[in-house]
Structures are given as C-alpha cells and as structure tokens.
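Engineer: Before anything else, here's the structure in question.
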Amino acid sequence: MMLKPMYDVIVIGSGPGGLAAAIEAKKTGAEDVLIIERDKELGGILLQCIHNGFGVEIFKEDYTGPTYAQRFVSDVHELGVEMLLDAMVLDVTPTRHIYAISQWSGFAELDARAIVLSMGARERTRAQIRLRGTRPAGVYTAGTAQRFTNVEGFLPGKRFVILGSGDIGMIMARRLTFEGAKVERVLEIMPFLTGLTRNYVQCLLDFDIPLQLQHTVNRIMGNSRVEAVEAVQVDEKWQPIAGTEEIIPCDTLLLSVGLIPENELSKKAGVVLDPVTGGPFVDEGMQTNVPGIFAAGNVVHIYDLVDWVTEAGQVAGRAAAKYAIAQRASVARHVQMQAGENVRYVVPHRLDKESLTEEDQKLQMRVIRPIEGNVWVQVMDGDEMVARKGQRYARPGEMVEIKIPQKAYDAVLKAQTLTVNVVPR
Ligand SMILES: Cc1cc2nc3c(=O)[nH]c(=O)nc-3n(C[C@H](O)[C@H](O)[C@H](O)COP(=O)(O)OP(=O)(O)OC[C@H]3O[C@@H](n4cnc5c(N)ncnc54)[C@H](O)[C@@H]3O)c2cc1C
C-alpha cells in the first residue's frame, strides 16, 4: 500500500470509536482518511468479546462483538477508508505529524489536517494495585485471559479466582465456566458491584458463582504456578480485618480491577488530560486543547456500553472532517513560498490569492553563499518559470529582491507552492 504524505484525517486505533470516526469523517466529506491499527485486523477489543449484548441501542439488535464490529468494517471498505494494519503509532506532535512503524511500510512519517485519537484503554495490572505475595505464573488481567480463551483458543487455567466485579471479570467468569473451568469466587473490595447489574445476573447468579463484596486478595501463594490466594475481608478504609483471612486453592487469578485510558501518545501531542477521567479535556466536537486533535472512546473516559463509544466516534469524526476541510480551503487560498537553491528564506512566506495587490508582488530573500558572477533569481512552480530576473552577483550580506509581475498572476493563482532559486547564469 502506498501511503500519502498528507491525509485529511488520520484515526489512531480501530476499535468502535476509531471505526465510527473514520466512517463519519469520510461521509462528512474528508477525502483521504487513514486508520492506523497495531493489530492485524480492524475492530479493537470487540474482536475478543464473542458474547452478545452489543448494538441494542444503535441497531436495536443483540450482536456479538465481532458481528457488531463487522457492520462498521464493511462500511470502512465500501467508503474507501485507507488502513495501515499491524502498525504502531510511536509519536504524534502538536502540529499533527505522526511517526509510525509497521512491518509493511517500515518507518513512516505522515501528516494530517486532523487526527482522531482512539487508542482505547489498558487494564490495571498487579503492580498497579500493589498485590502482595509470591510472583508465580497464573496471574492475568481478565482481558488477557479473554483474548487467550476467545481468540487464541487457549484456556489459561482450570481453577480461577477473580478479583474485581468489573464487567470484563464477570463476563470471563461465565465464559470460563462454559469452557469447563471452575470459578471459585469473585472478590470485590468495594461494598457494591462495580460492573453492570445485567452482567451480575447473567454471568454470576445464573451460574452460582459467589460474589463477596468488601473482600480482596491479601496475598498470592505458589512458587512456579499459583497454588492459592489468601482472601480477606476489608473495612471501610480497605484495610484487611484480622482474623477474616481465608485460603482459596486455585491455579489462576484474574484481575478485573479497572481500565486506564491509553493516553501516552496524547501527552506527546501536548494534549492536556483531566486528572479525574484520565482522558483529554474535550469540547462538544470531542476536540482536545490541541487544535485539530480530536479523541473518542475509552481514550476519553471509560464507557460501559460500546454503542455510546460508537456515538462518540461519530461526533469526533464529523468534527475532524470539518476541521480538515476548513484547513484544506485555507491552504488552497494561499501559495506557500519555498526557499530553493541557494536561498535561506523568502518573505513574505505565503501569498494570499484573494488579496494579491494591483501592483507587482515583491519578494525579498537572502542567499546562503556568494556567487561572484551573473545570477538568475527565479520563481518556479515546479518546472514552470513564473518570474525571472538577472543580476550581476549575489551575496549573503545583501538582500535580494524580485517582483512577480501582474501578468504572471495567472500562474500564481494555480500554484500551491512557489520555489525561489538564486543560481549562476
Ligand atoms: C480488555 C477489555 C475487554 C473488554 N471486554 C468487554 C466486553 O466483554 N463487553 C463489553 O461490553 N465491553 C468490553 N470492553 C469495553 C469495550 O471494549 C470498550 O468500551 C470499547 O471497545 C472501547 O472502544 P475504543 O474504540 O475506545 O477502544 P478499543 O476497542 O480498545 O480499540 C482501541 C484500538 O487502538 C489500537 N491502538 C492502541 N494504541 C495504538 C497505537 N499506538 N498504534 C496503533 N493502534 C493502537 C488498539 O490495538 C485497539 O485496536 C472491554 C475492554 C477491554 C480493555
């Protein structure tokens, strides 16, 4: 695939937020829209969510995650959205310059008139909740176990304890039970459920999986593999209550203890984050504090329904396209002046096609090195000469001038960039 140096809209991440943003950007009139996705397929986390419950709000249908994703993937193909898969965005600058790497294109540098950040969220790990005990194999985040089980076809254990009553953990409790594993218990440090009641009923109650509120894992036990966890009741300050410890034998501990919006790239781009949500401050079009950089989905705040992520992506995509179209119009109105051969700079830096004066347009510049002999000062549109003047020498200490005559304005009006050279005659 041939990448273009400049896109109207580049979307980073192809979960429900990114897919919706790309589709809506294209429908709003953005010409070149590119999705960059580090996975080999479009769809984001939806691809590993093989249970139902997706699309009830938007489509009034009860889809699985991959089916829901496919509705948008089909639109992406039909609309001609470009995609760079198996590719990782490494850096984004405040001027919307993107550095990415992929097996197919190698190292790539791209520019966008607008960017939509939709990198999703990552799961909290054992280190982030400071779980004590040994460090054996068999401790996974619930999302990792979900990917192993649903995508890789690999059951990560036989006897599970799940820490955290978030939706991913509860959904995995049911999924692992379907696969013949035993889920001993779900422990929740808070005095209330942290996921949806719907998931508590359908995933725990229906399968007789006990939930213990105000309980946590005090320590992990086992050497090479998890052998048990020590559960404990906690007080209102989350402190273990002595005497309530209980050893639960198991070979795997799953952590479902929250998601963190994935904003490392956003920070590099100068995007300011809300300390409460962990995501960017955004306006009603999902634009961040950096002009032309938009955000949608879990990168902004953690959603409970994927349908709402899609809606946020649509808002961001529409606003990003409008921003890009306005940028394009303003660039088309201007001719950029470019310092060419032996020229250090040219002033003015650009010409406004709508307000070119009645007089000839004067350009001033300085040369890089002296030429002690006749020179041409040339204004070029690619290979086409727009204006030229001869002079007897050119020296860095002496400003060089040329006028673009009014009779050359037709050439100026159709140019995007004019290059000025000072070369031997
Ligand atoms: C592990 C996990 C499991 C979940 N399971 C469920 C569930 O079972 N049911 C449910 O309703 N909801 C679930 N959710 C929540 C739901 O998936 C989200 O609400 C929704 O997918 C968020 O969409 P998104 O577009 O914001 O992000 P995601 O779907 O996470 O998509 C983000 C995409 O960005 C890509 N990306 C990130 N960084 C880069 C980069 N630097 N370069 C290129 N690409 C990048 C990622 O590869 C990913 O494809 C789960 C979330 C997680 C994290």
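Following the order of the structure tokens, first chain is A, next is B, and so on, with residues numbered from 1 inside each chain and ligands from 1 in the order they appear.
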Using DSSP on the backbone coordinates, identify all residues within range 58-195 of chain A classified as helix (DSSP H, G or I); present the result as number ranges by chain.
Structural biologist: A: 65-79, 127-129, 142-152, 167-178
Engineer: Can you list, as a list in words, every protein, DNA or RNA residue that comes within 9 Å of Cys49 in chain A when you count only C-alpha atoms, leaving out same-chain residues fewer than 2 positions away?
Structural biologist: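 Surrounding residues, per the criterion: Ile45, Leu46, Leu47, His51, Asn52, Thr64, Gly65, Pro66, Gln146, Arg147 and Asn150 of chain A.
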Engineer: Val290 in chain A: which residues within 12 Å, counting only C-alpha atoms, same-chain residues fewer than 6 positions away excluded, as a compact mmCIF listing (two decimals) with N, CA and C atoms, in the first residue's frame?
Structural biologist:
```txt
# COMPACT_ATOMS: atom_id res chain seq x y z
N VAL A 92 3.11 11.42 18.17
CA VAL A 92 2.26 12.41 17.49
C VAL A 92 2.71 13.77 18.00
N THR A 93 2.93 14.72 17.10
CA THR A 93 3.36 16.05 17.54
C THR A 93 2.16 17.00 17.58
N PRO A 94 2.29 18.13 18.28
CA PRO A 94 1.17 19.08 18.32
C PRO A 94 0.84 19.64 16.94
N THR A 95 1.78 19.52 15.96
CA THR A 95 1.48 20.01 14.61
C THR A 95 0.94 18.88 13.73
N ARG A 96 0.50 17.81 14.35
CA ARG A 96 -0.17 16.68 13.68
C ARG A 96 0.75 15.94 12.71
N ALA A 114 -6.29 16.69 10.38
CA ALA A 114 -6.95 16.43 11.67
C ALA A 114 -6.63 15.00 12.09
N ILE A 115 -6.57 14.80 13.40
CA ILE A 115 -6.28 13.45 13.94
C ILE A 115 -7.38 13.09 14.93
N VAL A 116 -7.81 11.82 14.90
CA VAL A 116 -8.71 11.33 15.96
C VAL A 116 -7.94 10.29 16.76
N LEU A 117 -7.76 10.56 18.05
CA LEU A 117 -7.10 9.62 18.94
C LEU A 117 -8.16 8.65 19.43
N SER A 266 -1.23 10.86 23.41
CA SER A 266 -1.92 12.15 23.57
C SER A 266 -1.00 13.13 24.30
N LYS A 267 -0.32 12.63 25.34
CA LYS A 267 0.56 13.52 26.12
C LYS A 267 1.68 14.05 25.24
N LYS A 268 2.23 13.17 24.38
CA LYS A 268 3.32 13.61 23.50
C LYS A 268 2.83 14.71 22.55
N ALA A 269 1.53 14.65 22.20
CA ALA A 269 0.98 15.64 21.27
C ALA A 269 0.62 16.95 21.98
N GLY A 270 0.86 17.00 23.28
CA GLY A 270 0.56 18.23 24.03
C GLY A 270 -0.88 18.29 24.52
N VAL A 271 -1.59 17.16 24.47
CA VAL A 271 -2.99 17.12 24.90
C VAL A 271 -3.04 17.11 26.44
N VAL A 272 -3.87 18.00 26.98
CA VAL A 272 -3.98 18.09 28.44
C VAL A 272 -5.05 17.11 28.92
N LEU A 273 -4.71 16.35 29.99
CA LEU A 273 -5.61 15.31 30.50
C LEU A 273 -6.34 15.76 31.75
N PRO A 280 -8.40 13.13 27.77
CA PRO A 280 -8.28 14.54 27.41
C PRO A 280 -9.51 15.36 27.80
N PHE A 281 -9.29 16.63 28.10
CA PHE A 281 -10.41 17.58 28.17
C PHE A 281 -10.89 17.77 26.74
N VAL A 282 -12.18 17.65 26.49
CA VAL A 282 -12.69 17.79 25.12
C VAL A 282 -13.87 18.77 25.08
N ASP A 283 -14.11 19.33 23.87
CA ASP A 283 -15.31 20.16 23.70
C ASP A 283 -16.43 19.30 23.12
```
Engineer: Neighbours of Cys250 in chain A within 8 Å (only C-alpha atoms; same-chain residues fewer than 5 positions away dropped), as a list in words?
Structural biologist: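 Result of the neighbour search: Lys158, Arg159, Phe160, Val161, Glu184, Val226, Glu227, Ala228 and Val229 of chain A.
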Engineer: Counting only C-alpha atoms and all ligand atoms, figure out which residue out of A:Arg395, A:Arg126, A:Lys27, A:His301 gets nearest to ligand 1.
Structural biologist: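 Of the candidates, the smallest distance to ligand 1 is held by A:His301.
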Engineer: Which residues, written as a count of residues only, have at least one atom at most 7 Å from Ile162 in chain A, with only C-alpha atoms counted and residues fewer than 5 positions away on the same chain left out?
Structural biologist: 7
Engineer: Neighbours of range 232-234 of chain A within 6 Å (only C-alpha atoms; same-chain residues fewer than 6 positions away dropped), as a list in words?
Structural biologist: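 Close residues of range 232-234 of chain A: Gln214, His215, Thr216, Asn218, Pro240, Ile241, Thr244 and Glu245 of chain A.
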Engineer: Suppose we keep N, CA and C atoms; can you now write the selection as an mmCIF file, in the first residue's frame?
Structural biologist:
```cif
data_model
loop_
_atom_site.group_PDB
_atom_site.id
_atom_site.type_symbol
_atom_site.label_atom_id
_atom_site.label_comp_id
_atom_site.auth_asym_id
_atom_site.auth_seq_id
_atom_site.Cartn_x
_atom_site.Cartn_y
_atom_site.Cartn_z
ATOM 1 N N GLN A 214 -16.608 -6.282 49.683
ATOM 2 C CA GLN A 214 -15.686 -5.883 50.769
ATOM 3 C C GLN A 214 -14.680 -6.984 51.075
ATOM 4 N N HIS A 215 -14.241 -7.652 50.018
ATOM 5 C CA HIS A 215 -13.193 -8.668 50.150
ATOM 6 C C HIS A 215 -12.130 -8.420 49.089
ATOM 7 N N THR A 216 -10.896 -8.771 49.420
ATOM 8 C CA THR A 216 -9.831 -8.635 48.428
ATOM 9 C C THR A 216 -8.851 -9.802 48.559
ATOM 10 N N ASN A 218 -5.381 -10.821 49.729
ATOM 11 C CA ASN A 218 -4.357 -10.321 50.651
ATOM 12 C C ASN A 218 -2.968 -10.682 50.153
ATOM 13 N N PRO A 240 -7.344 -4.717 55.628
ATOM 14 C CA PRO A 240 -7.723 -6.096 55.967
ATOM 15 C C PRO A 240 -8.176 -6.199 57.430
ATOM 16 N N ILE A 241 -9.233 -6.972 57.662
ATOM 17 C CA ILE A 241 -9.707 -7.197 59.033
ATOM 18 C C ILE A 241 -9.075 -8.489 59.521
ATOM 19 N N THR A 244 -10.050 -12.621 59.436
ATOM 20 C CA THR A 244 -11.019 -12.982 58.369
ATOM 21 C C THR A 244 -10.317 -13.653 57.171
ATOM 22 N N GLU A 245 -9.008 -13.917 57.310
ATOM 23 C CA GLU A 245 -8.256 -14.498 56.191
ATOM 24 C C GLU A 245 -8.799 -15.878 55.834
#
```
Engineer: Which residues are close to Ala25 in chain A, i.e. within 6 Å by only C-alpha atoms, leaving aside same-chain residues fewer than 4 positions away? Reply as a ChimeraX atom specification.
Structural biologist: /A:21,30,317-318,321
Engineer: Among range 224-256 of chain A, which residues carry a DSSP assignment of strand (DSSP E), reported as a list in words?
Structural biologist: Ala228, Val229, Glu230, Ala231, Val232, Gln233, Glu246, Ile247, Ile248, Pro249, Thr252, Leu253, Leu254 and Leu255 of chain A
Engineer: With C-alpha atoms retained, write the just-selected residues as a PDB file, in the first residue's frame.
Structural biologist:
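The resulting file, out_13.pdb, is shown below:
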```pdb
ATOM      1  CA  ALA A 228      -3.902 -20.434  46.175  1.00  0.00           C
ATOM      2  CA  VAL A 229      -4.809 -16.905  47.129  1.00  0.00           C
ATOM      3  CA  GLU A 230      -5.444 -15.602  50.593  1.00  0.00           C
ATOM      4  CA  ALA A 231      -8.741 -13.689  50.619  1.00  0.00           C
ATOM      5  CA  VAL A 232      -9.569 -11.254  53.377  1.00  0.00           C
ATOM      6  CA  GLN A 233     -12.441  -9.007  54.384  1.00  0.00           C
ATOM      7  CA  GLU A 246      -9.246 -17.498  54.078  1.00  0.00           C
ATOM      8  CA  ILE A 247      -7.058 -19.595  51.776  1.00  0.00           C
ATOM      9  CA  ILE A 248      -8.777 -20.333  48.438  1.00  0.00           C
ATOM     10  CA  PRO A 249      -6.957 -23.030  46.414  1.00  0.00           C
ATOM     11  CA  THR A 252      -5.163 -18.838  38.245  1.00  0.00           C
ATOM     12  CA  LEU A 253      -6.004 -15.362  39.495  1.00  0.00           C
ATOM     13  CA  LEU A 254      -7.729 -12.965  37.104  1.00  0.00           C
ATOM     14  CA  LEU A 255      -7.610  -9.230  37.735  1.00  0.00           C
TER      15      LEU A 255
END
```
Engineer: For ligand 1, which of A:Leu34, A:Ala329, A:Ile368, A:Ala394 is the closest residue, counting only C-alpha atoms and all ligand atoms?
Structural biologist: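 Closest residue, counting only C-alpha atoms and all ligand atoms: A:Leu34.
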Engineer: What gap, in Å, lies between CA of Ile371 in chain A and CA of Gly397 in chain A?
Structural biologist: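 So the answer is 11.8 Å.
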